[in-house]
>>> print(open('entry.csv').read())   # CSV, C-alpha atoms
chain,number,residue,atom,x,y,z
R,204,MET,CA,-17.9,19.5,12.1
R,205,TYR,CA,-20.4,18.6,9.3
R,206,LYS,CA,-23.3,16.5,10.5
R,207,ASP,CA,-24.9,14.2,8.0
R,208,ASN,CA,-28.6,13.7,9.1
R,209,PHE,CA,-29.7,11.8,6.0
R,210,LYS,CA,-32.9,9.7,6.4
R,211,SER,CA,-33.8,7.5,3.5
R,212,PRO,CA,-37.2,7.9,2.0
R,213,ASP,CA,-39.3,4.7,1.5
R,214,TYR,CA,-42.9,5.8,0.8
R,215,PHE,CA,-44.1,2.4,-0.6
R,216,GLY,CA,-42.3,0.1,1.9
R,217,VAL,CA,-39.7,-1.2,-0.6
R,218,ASP,CA,-37.7,-2.3,2.4
R,219,ASP,CA,-40.2,-5.1,2.9
R,220,MET,CA,-38.9,-6.6,-0.3
R,221,LEU,CA,-35.3,-6.6,0.8
R,222,THR,CA,-33.6,-9.3,2.8
R,223,ASP,CA,-31.9,-8.7,6.1
R,224,GLU,CA,-28.6,-9.1,4.3
R,225,HIS,CA,-29.5,-6.4,1.9
R,226,LYS,CA,-30.4,-4.0,4.7
R,227,LEU,CA,-27.2,-4.8,6.6
R,228,ILE,CA,-25.1,-4.1,3.4
R,229,ARG,CA,-26.9,-0.9,2.8
R,230,GLU,CA,-26.5,0.3,6.4
R,231,SER,CA,-22.7,-0.4,6.4
R,232,VAL,CA,-22.2,1.7,3.3
R,233,ARG,CA,-24.6,4.4,4.6
R,234,GLN,CA,-22.6,4.7,7.8
R,235,TYR,CA,-19.3,4.8,5.8
R,236,ILE,CA,-20.7,7.7,3.8
R,237,LYS,CA,-21.8,9.5,6.9
R,238,SER,CA,-18.5,9.1,8.7
R,239,GLU,CA,-15.9,9.2,6.0
R,240,ILE,CA,-17.3,11.0,2.9
R,241,SER,CA,-19.9,13.6,4.0
R,242,PRO,CA,-17.5,15.5,6.3
R,243,ILE,CA,-14.8,15.9,3.6
R,244,ILE,CA,-16.5,15.8,0.2
R,245,GLU,CA,-17.3,19.5,-0.2
R,246,GLU,CA,-13.7,20.4,0.4
R,247,TYR,CA,-12.4,17.9,-2.1
R,248,ALA,CA,-15.0,19.0,-4.7
R,249,GLU,CA,-14.1,22.6,-4.2
R,250,LYS,CA,-10.4,21.9,-4.7
R,251,ALA,CA,-11.1,19.5,-7.6
R,252,GLU,CA,-9.1,16.8,-5.9
R,253,PHE,CA,-9.6,13.1,-5.7
R,254,PRO,CA,-9.6,11.7,-2.2
R,255,GLN,CA,-7.2,8.8,-2.8
R,256,GLN,CA,-7.8,7.3,0.6
R,257,ILE,CA,-11.3,6.1,-0.5
R,258,VAL,CA,-9.7,3.5,-2.8
R,259,LYS,CA,-8.5,1.3,0.1
R,260,GLN,CA,-11.6,2.2,2.1
R,261,LEU,CA,-14.0,1.0,-0.7
R,262,GLY,CA,-12.0,-2.2,-1.1
R,263,GLU,CA,-12.2,-2.9,2.6
R,264,LEU,CA,-16.0,-2.2,2.6
R,265,GLY,CA,-16.5,-4.7,-0.3
R,266,CYS,CA,-17.7,-2.1,-2.8
R,267,PHE,CA,-15.3,-3.2,-5.5
R,268,GLY,CA,-16.7,-6.1,-7.5
R,269,PRO,CA,-19.4,-7.1,-5.0
R,270,THR,CA,-20.9,-9.6,-7.5
R,271,VAL,CA,-17.5,-11.1,-8.5
R,272,ALA,CA,-16.9,-14.6,-7.2
R,273,GLU,CA,-15.4,-14.8,-3.7
R,274,LYS,CA,-12.5,-17.0,-4.9
R,275,TYR,CA,-11.3,-14.0,-6.8
R,276,GLY,CA,-11.7,-11.6,-3.9
R,277,GLY,CA,-15.2,-10.4,-4.8
R,278,GLY,CA,-18.2,-10.4,-2.5
R,279,GLY,CA,-20.3,-13.1,-4.4
R,280,LEU,CA,-23.3,-10.9,-3.7
R,281,ASP,CA,-26.5,-10.5,-5.7
R,282,TYR,CA,-27.4,-7.5,-7.9
R,283,ILE,CA,-29.8,-5.9,-5.4
R,284,SER,CA,-26.9,-5.7,-2.9
R,285,TYR,CA,-24.7,-4.1,-5.6
R,286,GLY,CA,-27.5,-1.6,-6.5
R,287,LEU,CA,-28.0,-0.6,-2.8
R,288,MET,CA,-24.2,-0.1,-2.5
R,289,MET,CA,-24.2,2.2,-5.5
R,290,GLN,CA,-27.3,4.1,-4.2
R,291,GLU,CA,-25.6,4.8,-0.9
R,292,LEU,CA,-22.3,5.8,-2.5
R,293,GLU,CA,-23.8,8.3,-4.9
R,294,ARG,CA,-26.0,9.6,-2.1
R,295,GLY,CA,-22.6,10.8,-0.8
R,296,ASP,CA,-21.1,11.8,-4.2
R,297,SER,CA,-21.4,10.7,-7.8
R,298,GLY,CA,-17.6,10.7,-8.1
R,299,VAL,CA,-17.3,8.2,-5.2
R,300,ARG,CA,-19.9,5.9,-6.9
R,301,SER,CA,-18.1,6.3,-10.2
R,302,THR,CA,-14.8,5.1,-8.7
R,303,ALA,CA,-16.6,1.9,-7.5
R,304,SER,CA,-18.7,1.5,-10.7
R,305,VAL,CA,-15.6,1.6,-12.9
R,306,GLN,CA,-13.6,-0.8,-10.7
R,307,GLY,CA,-16.4,-3.4,-10.4
R,308,SER,CA,-18.4,-3.2,-13.6
R,309,LEU,CA,-15.8,-2.0,-16.2
R,310,VAL,CA,-12.5,-3.5,-14.9
R,311,MET,CA,-13.2,-6.5,-12.7
R,312,TYR,CA,-16.3,-7.8,-14.6
R,313,PRO,CA,-14.6,-8.1,-18.0
R,314,ILE,CA,-11.6,-9.9,-16.4
R,315,GLU,CA,-13.9,-12.3,-14.7
R,316,ALA,CA,-16.2,-12.8,-17.7
R,317,PHE,CA,-13.7,-12.8,-20.5
R,318,GLY,CA,-10.3,-13.3,-18.9
R,319,SER,CA,-8.1,-16.4,-18.6
R,320,GLU,CA,-7.8,-18.1,-15.2
R,321,GLU,CA,-4.2,-16.6,-14.9
R,322,GLN,CA,-5.5,-13.1,-15.6
R,323,LYS,CA,-8.3,-13.5,-13.0
R,324,MET,CA,-5.9,-14.7,-10.3
R,325,LYS,CA,-3.4,-12.0,-11.0
R,326,TYR,CA,-5.6,-9.0,-11.2
R,327,LEU,CA,-9.0,-9.5,-9.5
R,328,PRO,CA,-7.8,-10.0,-5.8
R,329,LYS,CA,-5.7,-6.8,-6.0
R,330,LEU,CA,-8.6,-4.8,-7.6
R,331,ALA,CA,-11.1,-6.2,-5.1
R,332,SER,CA,-9.0,-5.2,-2.1
R,333,GLY,CA,-8.3,-1.7,-3.4
R,334,GLU,CA,-4.6,-2.4,-3.6
R,335,TRP,CA,-4.9,-1.6,-7.3
R,336,LEU,CA,-7.2,0.9,-9.0
R,337,GLY,CA,-8.4,0.2,-12.5
R,338,CYS,CA,-9.9,2.1,-15.4
R,339,PHE,CA,-11.8,1.4,-18.7
R,340,GLY,CA,-10.7,2.7,-22.1
R,341,LEU,CA,-13.4,2.8,-24.7
R,342,THR,CA,-14.3,6.5,-25.5
R,343,GLU,CA,-12.0,8.3,-27.9
R,344,PRO,CA,-11.7,12.0,-28.9
R,345,ASP,CA,-13.8,11.5,-32.0
R,346,HIS,CA,-15.8,8.4,-31.0
R,347,GLY,CA,-18.1,8.6,-28.1
R,348,SER,CA,-21.6,7.4,-28.8
R,349,ASN,CA,-20.2,5.4,-31.8
R,350,PRO,CA,-17.5,3.3,-30.3
R,351,ALA,CA,-17.3,1.0,-33.4
R,352,GLY,CA,-15.5,3.8,-35.1
R,353,MET,CA,-12.5,3.6,-32.7
R,354,LEU,CA,-9.1,4.2,-34.1
R,355,THR,CA,-7.0,2.7,-31.2
R,356,ASN,CA,-5.3,-0.4,-32.7
R,357,PHE,CA,-2.7,-3.0,-32.1
R,358,LYS,CA,-0.4,-5.0,-34.4
R,359,GLU,CA,1.3,-8.4,-33.8
R,360,ASP,CA,5.0,-8.5,-33.0
R,361,GLY,CA,6.0,-12.1,-32.2
R,362,GLU,CA,4.9,-12.9,-28.7
R,363,TYR,CA,3.8,-9.3,-28.2
R,364,VAL,CA,1.5,-6.7,-29.7
R,365,ILE,CA,2.2,-3.0,-30.3
R,366,LEU,CA,-0.7,-0.8,-29.1
R,367,ASN,CA,-1.3,2.8,-30.5
R,368,GLY,CA,-4.0,5.3,-30.0
R,369,SER,CA,-5.7,7.3,-27.2
R,370,LYS,CA,-8.8,7.4,-25.1
R,371,MET,CA,-10.4,10.3,-23.2
R,372,TRP,CA,-12.9,11.0,-20.4
R,373,ILE,CA,-11.5,8.0,-18.5
R,374,SER,CA,-12.6,7.9,-14.8
R,375,ASN,CA,-9.8,6.8,-12.4
R,376,SER,CA,-7.1,7.0,-15.1
R,377,PRO,CA,-4.6,9.3,-13.4
R,378,PHE,CA,-4.3,7.0,-10.4
R,379,ALA,CA,-5.0,3.6,-12.0
R,380,GLN,CA,-2.5,0.7,-12.0
R,381,VAL,CA,-4.3,-1.2,-14.7
R,382,ALA,CA,-6.5,-0.3,-17.7
R,383,ILE,CA,-8.9,-2.4,-19.6
R,384,VAL,CA,-8.5,-1.0,-23.2
R,385,TRP,CA,-10.6,-1.8,-26.2
R,386,ALA,CA,-8.7,-1.6,-29.5
R,387,LYS,CA,-8.9,-3.1,-33.0
R,388,ASP,CA,-6.6,-5.8,-34.2
R,389,GLU,CA,-5.2,-6.0,-37.7
R,390,GLN,CA,-8.4,-7.6,-39.0
R,391,GLY,CA,-10.4,-4.7,-37.5
R,392,GLU,CA,-11.9,-6.8,-34.7
R,393,ILE,CA,-12.4,-5.2,-31.4
R,394,ARG,CA,-10.5,-6.9,-28.5
R,395,GLY,CA,-9.9,-6.2,-24.9
R,396,LEU,CA,-6.3,-5.7,-23.6
R,397,ILE,CA,-5.0,-5.3,-20.0
R,398,VAL,CA,-2.5,-2.4,-19.9
R,399,GLU,CA,-0.4,-1.8,-16.8
R,400,ARG,CA,1.1,1.4,-15.5
R,401,GLY,CA,4.8,1.5,-16.1
R,402,MET,CA,4.6,0.0,-19.6
R,403,GLU,CA,6.8,2.1,-21.9
R,404,GLY,CA,4.8,4.5,-24.1
R,405,PHE,CA,1.7,4.4,-21.8
R,406,SER,CA,0.7,7.7,-20.1
R,407,THR,CA,-2.4,9.0,-18.3
R,408,PRO,CA,-2.7,12.8,-18.5
R,409,THR,CA,-5.2,14.3,-16.1
R,410,THR,CA,-8.3,16.2,-17.5
R,411,LYS,CA,-8.4,19.7,-16.0
R,412,GLY,CA,-11.2,22.3,-15.8
R,413,LYS,CA,-14.2,20.1,-15.0
R,414,TRP,CA,-17.2,21.7,-13.3
R,415,SER,CA,-18.7,18.3,-12.7
R,416,LEU,CA,-17.4,15.2,-10.8
R,417,ARG,CA,-14.8,17.5,-9.3
R,418,ALA,CA,-13.9,15.0,-6.6
R,419,SER,CA,-13.4,12.2,-9.2
R,420,ALA,CA,-10.2,11.7,-11.1
R,421,THR,CA,-10.6,11.9,-14.9
R,422,GLY,CA,-7.9,11.7,-17.5
R,423,GLU,CA,-6.8,10.3,-20.8
R,424,LEU,CA,-5.1,7.1,-21.9
R,425,VAL,CA,-2.3,7.6,-24.4
R,426,PHE,CA,-0.6,4.6,-26.1
R,427,ASP,CA,2.6,5.3,-28.1
R,428,ASN,CA,3.9,2.0,-29.4
R,429,VAL,CA,3.1,0.3,-26.1
R,430,LYS,CA,4.5,-3.3,-26.2
R,431,LEU,CA,2.2,-5.8,-24.5
R,432,PRO,CA,2.5,-9.6,-24.1
R,433,LYS,CA,-0.2,-11.5,-26.0
R,434,THR,CA,-1.1,-13.0,-22.6
R,435,ASN,CA,-2.6,-9.6,-21.8
R,436,ILE,CA,-5.4,-9.9,-24.3
R,437,LEU,CA,-8.7,-11.0,-22.9
R,438,PRO,CA,-9.3,-14.4,-24.7
R,439,GLY,CA,-13.0,-14.8,-24.1
R,440,VAL,CA,-14.6,-12.1,-26.3
R,441,LYS,CA,-14.4,-10.3,-29.7
R,442,GLY,CA,-16.3,-7.4,-31.0
R,443,LEU,CA,-18.4,-4.7,-29.4
R,444,LYS,CA,-20.2,-7.3,-27.3
R,445,GLY,CA,-17.3,-7.1,-24.8
R,446,PRO,CA,-17.3,-3.4,-23.9
R,447,LEU,CA,-21.1,-3.1,-24.3
R,448,SER,CA,-21.7,-5.9,-21.8
R,449,CYS,CA,-19.5,-4.1,-19.3
R,450,LEU,CA,-21.5,-0.9,-19.9
R,451,THR,CA,-24.7,-2.7,-19.2
R,452,LYS,CA,-23.4,-3.7,-15.8
R,453,ALA,CA,-22.2,-0.2,-15.0
R,454,ARG,CA,-25.4,1.4,-16.2
R,455,TYR,CA,-27.3,-0.8,-13.8
R,456,GLY,CA,-25.3,0.6,-11.0
R,457,ILE,CA,-25.9,4.2,-12.2
R,458,ALA,CA,-29.7,3.6,-12.2
R,459,TRP,CA,-29.5,2.9,-8.5
R,460,GLY,CA,-26.8,5.5,-7.9
R,461,ALA,CA,-28.5,8.5,-9.5
R,462,LEU,CA,-31.5,7.8,-7.4
R,463,GLY,CA,-29.3,8.0,-4.4
R,464,ALA,CA,-28.3,11.6,-5.3
R,465,ALA,CA,-32.0,12.4,-5.8
R,466,MET,CA,-32.8,10.9,-2.3
R,467,ASP,CA,-30.1,13.1,-0.7
R,468,CYS,CA,-31.5,16.3,-2.3
R,469,TYR,CA,-35.1,15.4,-1.4
R,470,ASP,CA,-34.1,14.7,2.2
R,471,THR,CA,-32.2,18.0,2.4
R,472,ALA,CA,-35.0,20.0,0.9
R,473,LEU,CA,-37.7,18.4,3.1
R,474,ARG,CA,-35.7,19.1,6.3
R,475,TYR,CA,-34.9,22.6,5.2
R,476,ALA,CA,-38.5,23.4,4.3
R,477,LYS,CA,-39.7,22.3,7.7
R,478,GLU,CA,-37.1,24.5,9.5
R,479,ARG,CA,-37.1,27.6,7.3
R,480,ILE,CA,-39.6,30.2,8.5
R,481,GLN,CA,-41.0,32.8,6.2
R,482,PHE,CA,-44.1,35.0,6.6
R,483,GLY,CA,-44.4,33.5,10.1
R,484,ARG,CA,-44.5,29.8,9.3
R,485,PRO,CA,-42.3,27.0,7.8
R,486,ILE,CA,-42.1,27.2,4.0
R,487,ALA,CA,-43.1,23.5,4.0
R,488,GLY,CA,-46.6,24.8,4.7
R,489,PHE,CA,-46.9,26.6,1.4
R,490,GLN,CA,-48.6,25.0,-1.6
R,491,LEU,CA,-45.9,25.4,-4.1
R,492,GLN,CA,-43.2,23.9,-1.8
R,493,GLN,CA,-45.5,21.0,-1.0
R,494,LYS,CA,-46.1,20.5,-4.8
R,495,LYS,CA,-42.3,20.2,-5.3
R,496,LEU,CA,-41.8,17.8,-2.4
R,497,ALA,CA,-44.8,15.6,-3.4
R,498,GLU,CA,-43.5,15.3,-6.9
R,499,MET,CA,-40.0,14.5,-5.7
R,500,ILE,CA,-41.1,11.6,-3.5
R,501,THR,CA,-43.4,10.3,-6.2
R,502,GLU,CA,-40.6,10.1,-8.7
R,503,ILE,CA,-38.2,8.6,-6.1
R,504,THR,CA,-40.7,5.9,-5.3
R,505,LYS,CA,-41.3,5.1,-8.9
R,506,GLY,CA,-37.6,4.8,-9.4
R,507,GLN,CA,-37.1,2.6,-6.4
R,508,LEU,CA,-39.7,0.2,-7.7
R,509,LEU,CA,-38.2,0.2,-11.2
R,510,ASN,CA,-34.7,-0.4,-9.8
R,511,TRP,CA,-35.9,-3.2,-7.4
R,512,ARG,CA,-37.7,-5.0,-10.2
R,513,LEU,CA,-34.6,-4.6,-12.5
R,514,GLY,CA,-32.4,-6.1,-9.7
R,515,VAL,CA,-34.7,-9.1,-9.5
R,516,LEU,CA,-34.4,-9.6,-13.3
R,517,MET,CA,-30.6,-9.2,-13.1
R,518,ASN,CA,-30.5,-11.9,-10.4
R,519,GLU,CA,-32.5,-14.2,-12.5
R,520,GLY,CA,-30.4,-13.5,-15.6
R,521,LYS,CA,-33.4,-12.2,-17.4
R,522,ALA,CA,-32.7,-8.4,-17.6
R,523,THR,CA,-32.1,-7.1,-21.1
R,524,PRO,CA,-29.6,-4.3,-21.9
R,525,GLN,CA,-32.6,-2.3,-23.1
R,526,GLN,CA,-34.3,-2.5,-19.7
R,527,VAL,CA,-31.1,-1.4,-18.1
R,528,SER,CA,-31.0,1.6,-20.5
R,529,MET,CA,-34.5,2.6,-19.5
R,530,ALA,CA,-33.7,2.5,-15.8
R,531,LYS,CA,-30.4,4.5,-16.3
R,532,ARG,CA,-32.1,7.2,-18.3
R,533,ASN,CA,-35.1,7.4,-15.9
R,534,SER,CA,-33.0,7.7,-12.8
R,535,CYS,CA,-30.8,10.4,-14.3
R,536,GLU,CA,-33.7,12.4,-15.6
R,537,VAL,CA,-35.7,12.4,-12.4
R,538,ALA,CA,-32.6,13.0,-10.3
R,539,GLN,CA,-31.7,16.1,-12.3
R,540,GLN,CA,-35.3,17.5,-11.8
R,541,ILE,CA,-35.4,16.6,-8.1
R,542,CYS,CA,-32.0,18.2,-7.4
R,543,ARG,CA,-33.1,21.4,-9.3
R,544,ASP,CA,-36.3,21.6,-7.4
R,545,ALA,CA,-34.4,21.1,-4.1
R,546,ARG,CA,-32.2,24.0,-5.1
R,547,GLN,CA,-35.3,26.2,-5.5
R,548,ILE,CA,-36.6,25.2,-2.1
R,549,LEU,CA,-33.3,26.1,-0.5
R,550,GLY,CA,-33.3,29.5,-2.2
R,551,GLY,CA,-29.9,31.2,-2.1
R,552,MET,CA,-28.5,28.6,0.4
R,553,GLY,CA,-29.0,26.0,-2.4
R,554,ILE,CA,-25.9,27.2,-4.3
R,555,THR,CA,-23.5,27.1,-1.2
R,556,GLY,CA,-21.2,24.3,-0.2
R,557,GLU,CA,-23.1,24.2,3.1
R,558,TYR,CA,-25.5,21.9,1.4
R,559,SER,CA,-24.9,19.0,-1.0
R,560,VAL,CA,-27.5,20.1,-3.6
R,561,MET,CA,-25.4,22.2,-6.0
R,562,ARG,CA,-22.7,19.6,-6.0
R,563,HIS,CA,-25.2,16.9,-6.9
R,564,ILE,CA,-26.6,19.1,-9.7
R,565,MET,CA,-23.2,19.6,-11.2
R,566,ASN,CA,-22.3,15.9,-10.9
R,567,LEU,CA,-25.5,14.7,-12.6
R,568,GLU,CA,-24.6,16.7,-15.7
R,569,SER,CA,-21.8,14.1,-16.2
R,570,VAL,CA,-23.9,11.1,-15.0
R,571,ILE,CA,-26.6,11.9,-17.6
R,572,THR,CA,-24.1,11.9,-20.4
R,573,TYR,CA,-21.6,9.1,-19.6
R,574,GLU,CA,-22.1,5.4,-20.4
R,575,GLY,CA,-24.7,6.3,-23.0
R,576,THR,CA,-26.1,9.8,-23.3
R,577,HIS,CA,-29.7,10.6,-22.4
R,578,ASP,CA,-30.7,10.7,-26.1
R,579,ILE,CA,-28.9,7.5,-27.0
R,580,HIS,CA,-30.7,5.6,-24.3
R,581,LEU,CA,-34.0,6.9,-25.6
R,582,LEU,CA,-33.1,5.6,-29.1
R,583,ILE,CA,-32.2,2.2,-27.5
R,584,THR,CA,-35.7,2.0,-26.1
R,585,GLY,CA,-37.2,3.3,-29.3
R,586,MET,CA,-35.4,0.6,-31.4
R,587,ASP,CA,-36.5,-2.0,-28.9
R,588,ILE,CA,-40.2,-1.2,-29.1
R,589,THR,CA,-40.4,-0.4,-32.9
R,590,GLY,CA,-37.8,-2.8,-34.3
R,591,ILE,CA,-36.4,0.1,-36.4
R,592,ASN,CA,-32.8,1.4,-35.9
R,593,ALA,CA,-32.7,5.2,-35.7
R,594,PHE,CA,-29.0,5.5,-34.9
R,595,GLY,CA,-27.2,7.8,-37.3
R,596,GLY,CA,-30.5,8.4,-39.2
>>> encode(input="entry.csv", output="structure tokens")
Amino acid sequence: MYKDNFKSPDYFGVDDMLTDEHKLIRESVRQYIKSEISPIIEEYAEKAEFPQQIVKQLGELGCFGPTVAEKYGGGGLDYISYGLMMQELERGDSGVRSTASVQGSLVMYPIEAFGSEEQKMKYLPKLASGEWLGCFGLTEPDHGSNPAGMLTNFKEDGEYVILNGSKMWISNSPFAQVAIVWAKDEQGEIRGLIVERGMEGFSTPTTKGKWSLRASATGELVFDNVKLPKTNILPGVKGLKGPLSCLTKARYGIAWGALGAAMDCYDTALRYAKERIQFGRPIAGFQLQQKKLAEMITEITKGQLLNWRLGVLMNEGKATPQQVSMAKRNSCEVAQQICRDARQILGGMGITGEYSVMRHIMNLESVITYEGTHDIHLLITGMDITGINAFGG
């Protein structure tokens, strides 16, 4: 039986800045990962299969929409609680965190922020409990970093609209009961629509052949003259502001999550280096290994402090999308390097399923690209500090 011995690094005493409630929430998710995810995740990743049982489990744990109001089934928690949850989930696996990120930030958040009261009462409690799984349709085959160019569209038809188009790289889509889809109306304005499984002309083909996020379900959304009641349109937003505000919330979760993957690889490498004997002593006693480990803990500590401060700003309603971009990009970059260094410390064992390192490395190849690629987030920061838009230039 696999034993998860993870011990969280905290070199600068960041825990002292957390409340007792924060620590309790983190501990409950950490124990869930140790008992339910770590023993099974390598097998699911190897089979490229989504562990469907986690949907109900994550709902019961409160990981779906933790910042959503309690009256809609959410947790009514603050953003540091949300971040800690995502950190612990991704410490287990990026795909598990993706499932929760999509549900909370990309499906429940837009319904709460932009939906009617009827929409909130109908969908949010089912999504919060894990009875329903949701997905978010923005990316298209020809429009990734430039979502404004989307072709998916709908036309009015009496009390209904007719939706046509397709979306790809959609987490959760093969198993989702509901999709938040962004499409253009007849005036070319981007609107959000709630599409339910079972609607005629709506299909969700599974994406095969992934070498990353293998334990996460990814697919397409295809709309072939799907007839939707107008009451399924989110009334509270028009334009790119809608989907981009959702992505800001999700990117915030990724900033914490990717650091969780880094923590897992650091912890694995540190333990291995102390136990692995070469030339008559533990490899942790060699200078080059100590250099790697010292750099890992330095970057993790910097990331922890950045994420904590961003969480405070989110709680105060002061965080900017540009600050979230910086944190997302930073966590992804340092996590990639930390995981690769951990792989080196483990030597040949680093590529086996006996350790989590190689799975994290593969997963992070997706995390560094989705919800804004690494380069796009650099340009967001660049535009913010210079005032000059370099996109497409």
>>> closest_residue(input="entry.csv", among="R:Asn510, R:Ser332, R:Asn356, R:Ser238", to="Pro269 in chain R", atoms="only C-alpha atoms")
R:Ser332
>>> residues_around(input="entry.csv", residues="range 249-258 of chain R", least_positions_apart="4", cutoff="10 Å", atoms="all atoms listed in the file", output="VMD selection string")
chain R and resid 239 to 240 243 to 245 262 to 263 266 to 267 298 to 299 302 to 303 306 330 332 to 336 375 377 to 378 411 to 421 556 562
>>> residues_around(input="entry.csv", residues="Thr572 in chain R", least_positions_apart="2", cutoff="12 Å", atoms="all atoms listed in the file", output="PyMOL selection string")
chain R and resi 347-348+372+415+454+457+531-532+535-536+539+566-570+574-580
>>> write_last_selection(input="entry.csv", atoms="C-alpha atoms", output="mmCIF file, keeping the file's coordinate frame")
data_model
loop_
_atom_site.group_PDB
_atom_site.id
_atom_site.type_symbol
_atom_site.label_atom_id
_atom_site.label_comp_id
_atom_site.auth_asym_id
_atom_site.auth_seq_id
_atom_site.Cartn_x
_atom_site.Cartn_y
_atom_site.Cartn_z
ATOM 1 C CA GLY R 347 -18.100 8.600 -28.100
ATOM 2 C CA SER R 348 -21.600 7.400 -28.800
ATOM 3 C CA TRP R 372 -12.900 11.000 -20.400
ATOM 4 C CA SER R 415 -18.700 18.300 -12.700
ATOM 5 C CA ARG R 454 -25.400 1.400 -16.200
ATOM 6 C CA ILE R 457 -25.900 4.200 -12.200
ATOM 7 C CA LYS R 531 -30.400 4.500 -16.300
ATOM 8 C CA ARG R 532 -32.100 7.200 -18.300
ATOM 9 C CA CYS R 535 -30.800 10.400 -14.300
ATOM 10 C CA GLU R 536 -33.700 12.400 -15.600
ATOM 11 C CA GLN R 539 -31.700 16.100 -12.300
ATOM 12 C CA ASN R 566 -22.300 15.900 -10.900
ATOM 13 C CA LEU R 567 -25.500 14.700 -12.600
ATOM 14 C CA GLU R 568 -24.600 16.700 -15.700
ATOM 15 C CA SER R 569 -21.800 14.100 -16.200
ATOM 16 C CA VAL R 570 -23.900 11.100 -15.000
ATOM 17 C CA GLU R 574 -22.100 5.400 -20.400
ATOM 18 C CA GLY R 575 -24.700 6.300 -23.000
ATOM 19 C CA THR R 576 -26.100 9.800 -23.300
ATOM 20 C CA HIS R 577 -29.700 10.600 -22.400
ATOM 21 C CA ASP R 578 -30.700 10.700 -26.100
ATOM 22 C CA ILE R 579 -28.900 7.500 -27.000
ATOM 23 C CA HIS R 580 -30.700 5.600 -24.300
#
>>> closest_residue(input="entry.csv", among="R:Val384, R:Leu496, R:Leu450, R:Ala487", to="Ser304 in chain R", atoms="only C-alpha atoms")
R:Leu450
>>> residues_around(input="entry.csv", residues="range 279-285 of chain R", least_positions_apart="4", cutoff="12 Å", atoms="only C-alpha atoms", output="MDAnalysis selection string")
chainID R and resid 217:218 220:232 265:275 289:292 300 303:304 307:308 331 452:460 507:520 522
>>> closest_residue(input="entry.csv", among="R:Tyr214, R:Phe339, R:Ile436, R:Glu403", to="Met499 in chain R", atoms="all atoms listed in the file")
R:Tyr214
>>> atom_distance(input="entry.csv", atom1="CA of Arg294 in chain R", atom2="CA of Glu246 in chain R")
16.6 Å
>>> build_atoms(input="entry.csv", residues="range 300-309 of chain R", atoms="N, CA, C and O atoms", output="PDB file, in the coordinates of the input")
ATOM      1  N   ARG R 300     -19.192   7.058  -6.245  1.00  0.00           N
ATOM      2  CA  ARG R 300     -19.900   5.900  -6.900  1.00  0.00           C
ATOM      3  C   ARG R 300     -19.182   5.568  -8.214  1.00  0.00           C
ATOM      4  O   ARG R 300     -19.018   4.403  -8.554  1.00  0.00           O
ATOM      5  N   SER R 301     -18.748   6.582  -8.957  1.00  0.00           N
ATOM      6  CA  SER R 301     -18.100   6.300 -10.200  1.00  0.00           C
ATOM      7  C   SER R 301     -16.797   5.496 -10.013  1.00  0.00           C
ATOM      8  O   SER R 301     -16.516   4.567 -10.783  1.00  0.00           O
ATOM      9  N   THR R 302     -16.056   5.829  -8.971  1.00  0.00           N
ATOM     10  CA  THR R 302     -14.800   5.100  -8.700  1.00  0.00           C
ATOM     11  C   THR R 302     -15.148   3.605  -8.483  1.00  0.00           C
ATOM     12  O   THR R 302     -14.457   2.732  -9.017  1.00  0.00           O
ATOM     13  N   ALA R 303     -16.211   3.326  -7.738  1.00  0.00           N
ATOM     14  CA  ALA R 303     -16.600   1.900  -7.500  1.00  0.00           C
ATOM     15  C   ALA R 303     -17.204   1.272  -8.715  1.00  0.00           C
ATOM     16  O   ALA R 303     -16.940   0.093  -8.998  1.00  0.00           O
ATOM     17  N   SER R 304     -18.025   2.018  -9.457  1.00  0.00           N
ATOM     18  CA  SER R 304     -18.700   1.500 -10.700  1.00  0.00           C
ATOM     19  C   SER R 304     -17.620   1.035 -11.688  1.00  0.00           C
ATOM     20  O   SER R 304     -17.710  -0.055 -12.265  1.00  0.00           O
ATOM     21  N   VAL R 305     -16.654   1.900 -11.920  1.00  0.00           N
ATOM     22  CA  VAL R 305     -15.600   1.600 -12.900  1.00  0.00           C
ATOM     23  C   VAL R 305     -14.836   0.349 -12.461  1.00  0.00           C
ATOM     24  O   VAL R 305     -14.629  -0.581 -13.244  1.00  0.00           O
ATOM     25  N   GLN R 306     -14.431   0.343 -11.188  1.00  0.00           N
ATOM     26  CA  GLN R 306     -13.600  -0.800 -10.700  1.00  0.00           C
ATOM     27  C   GLN R 306     -14.368  -2.105 -10.822  1.00  0.00           C
ATOM     28  O   GLN R 306     -13.815  -3.091 -11.306  1.00  0.00           O
ATOM     29  N   GLY R 307     -15.645  -2.133 -10.402  1.00  0.00           N
ATOM     30  CA  GLY R 307     -16.400  -3.400 -10.400  1.00  0.00           C
ATOM     31  C   GLY R 307     -16.927  -3.805 -11.733  1.00  0.00           C
ATOM     32  O   GLY R 307     -16.718  -4.937 -12.182  1.00  0.00           O
ATOM     33  N   SER R 308     -17.630  -2.872 -12.403  1.00  0.00           N
ATOM     34  CA  SER R 308     -18.400  -3.200 -13.600  1.00  0.00           C
ATOM     35  C   SER R 308     -17.516  -3.145 -14.893  1.00  0.00           C
ATOM     36  O   SER R 308     -17.749  -3.884 -15.844  1.00  0.00           O
ATOM     37  N   LEU R 309     -16.538  -2.236 -14.914  1.00  0.00           N
ATOM     38  CA  LEU R 309     -15.800  -2.000 -16.200  1.00  0.00           C
ATOM     39  C   LEU R 309     -14.398  -2.588 -16.168  1.00  0.00           C
ATOM     40  O   LEU R 309     -13.789  -2.707 -17.230  1.00  0.00           O
TER      41      LEU R 309
END
